[in-house]
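Before any comments, here is the structure.
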Amino acid sequence: MVTTVDLPDYTGYSEVENVYGDVKIYTPSGLWVVGSDIITASVSVSNVAPAGGSEETVVEISGRVRIKSIGFWTYNWGVSNPADPYYDGGIRVYRDGETTASFDMGMEDIDHLNGYLACRKLIMNLDLLTAENPLDHTETHSAAIVKPVNPRGAIVLLVGDRPSSGNVLDATYECDGWVNPDIECLESAKITYYNTNPDSGAYITGWFIVEYGEYP
């Protein structure tokens, strides 16, 4: 708690820019906070598989935290009725019990953070590799590996079919990357993986690692 005793005498100062002093912020535990952006913990979660039109919880964290980064590997290998991990998948972060997420970003939007490079590589047939579906050796797809240029987030590996016509991919099968929400939560955080496919029987799967910073 800051009191007037802790601060210099500001008598005679009328403008904010002329006021100088050290202000310390304390957490409920009584410890002084230097910064909330220090990563103090991480959690890894596998096999999060939302059906079409639903979302599944990746992790719930209690306490005052800042969600720093979310890494993900999302795919539909081996799913009998697959959704599209690039066009249908997305990540949400809910703060302090809210019902509408403070952070809501689909995989295509995360690709946009990095100049839409993953999708454009597949569409334009640039620097592609051949990637076989490990569960179907009769079928091959193209894979785009992307060098990230935006520290906020990027799709770095996208496996899919190049378009038969136009500028839209026919289908994608794997979508990997990361995003840095940098969302501060005062009481709790819930991170979810969602699937916007209109078919409730269409599934995608994701593996995630979440890094976050806790206040003392």
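Letters A, B, ... mark the chains of the structure tokens in the order given; residue numbers begin at 1 per chain; ligand numbers begin at 1, in order shown.
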
Please build the interface table for range 100-202 of chain A against range 41-55 of chain A with a cut-off of 6 Å, listing for each qualifying residue the nearest atom pair and the distance in Å to one decimal; count only C-alpha atoms, order rows by chain and increasing number, and write it as JSON lines.
```
{"residue": "A:Tyr193", "atom": "CA", "partner": "A:Glu55", "partner_atom": "CA", "distance": 5.5}
{"residue": "A:Tyr194", "atom": "CA", "partner": "A:Glu55", "partner_atom": "CA", "distance": 3.9}
{"residue": "A:Asn195", "atom": "CA", "partner": "A:Gly52", "partner_atom": "CA", "distance": 5.2}
{"residue": "A:Thr196", "atom": "CA", "partner": "A:Gly53", "partner_atom": "CA", "distance": 4.9}
{"residue": "A:Asn197", "atom": "CA", "partner": "A:Gly52", "partner_atom": "CA", "distance": 4.5}
{"residue": "A:Pro198", "atom": "CA", "partner": "A:Gly52", "partner_atom": "CA", "distance": 5.7}
{"residue": "A:Asp199", "atom": "CA", "partner": "A:Gly52", "partner_atom": "CA", "distance": 5.2}
{"residue": "A:Ser200", "atom": "CA", "partner": "A:Gly52", "partner_atom": "CA", "distance": 4.1}
{"residue": "A:Gly201", "atom": "CA", "partner": "A:Ala51", "partner_atom": "CA", "distance": 6.0}
{"residue": "A:Ala202", "atom": "CA", "partner": "A:Gly52", "partner_atom": "CA", "distance": 5.1}
```

- DSSP helix (DSSP H, G or I) residues within range 21-126 of chain A, listed as JSON, numbers by chain: {"A": [107, 108, 109, 110, 111, 112, 113, 117, 118, 119, 120, 121, 122, 123, 124]}

- Shell around Tyr87 in chain A at 10 Å using only C-alpha atoms, local window under 3 positions removed, as an MDAnalysis selection string: chainID A and resid 83:84 90 106:109 169 171:172 175 195:197

- So how far away is CA of Ser69 in chain A from CA of Ala144 in chain A, in Å?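 One can read the CA of Ala144 in chain A to CA of Ser69 in chain A distance as 22.5 Å.
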
- Residues within 7 Å of Ile39 in chain A, only C-alpha atoms, excluding chain neighbours under 5 positions, as a PyMOL selection string: chain A and resi 211-213

- Selection near range 125-128 of chain A, 9 Å with only C-alpha atoms, sequence-local residues under 6 positions removed, as an MDAnalysis selection string: chainID A and resid 142:145 162

- Task: Could you find all residues in range 39-216 of chain A that DSSP calls strand (DSSP E) from the backbone, and write them as JSON, numbers by chain?
- Result: {"A": [41, 42, 43, 44, 45, 46, 47, 48, 54, 55, 56, 57, 58, 59, 60, 61, 62, 65, 66, 67, 68, 69, 70, 71, 72, 73, 74, 75, 89, 90, 91, 92, 93, 94, 95, 103, 104, 105, 106, 128, 129, 130, 131, 132, 133, 136, 137, 138, 139, 140, 141, 142, 143, 144, 145, 153, 154, 155, 156, 157, 158, 159, 160, 161, 171, 172, 173, 174, 175, 176, 177, 178, 179, 183, 184, 185, 188, 189, 190, 191, 192, 193, 194, 195, 205, 206, 207, 208, 209, 210, 211, 212, 213, 214]}

- Message: Give me, as a PyMOL selection string, all polymer residues having an atom no more than 8 Å from Leu117 in chain A, counting only C-alpha atoms and skipping those fewer than 5 positions away in the same chain.
- Response: chain A and resi 111-112+146

Restricting it to C-alpha atoms, dump the selection as a CSV table (one decimal), in the first residue's frame.
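Writing done, so here's part-v7.csv:
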```csv
chain,number,residue,atom,x,y,z
A,111,ASP,CA,-1.3,-17.0,-40.1
A,112,HIS,CA,-2.3,-13.4,-41.0
A,146,VAL,CA,7.5,-20.9,-42.8
```

- Task: Extract, using only C-alpha atoms, all DNA, RNA and protein residues at most 8 Å from Cys185 in chain A, discarding same-chain residues fewer than 2 positions from it, and format them as an MDAnalysis selection string.
- Result: chainID A and resid 63:67 95:96 183 187:189

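The residue that comes closest to Leu129 in chain A, out of A:Glu98, A:Asp170, A:Asp161, A:Asp182 and on the basis of only C-alpha atoms, is A:Asp161.
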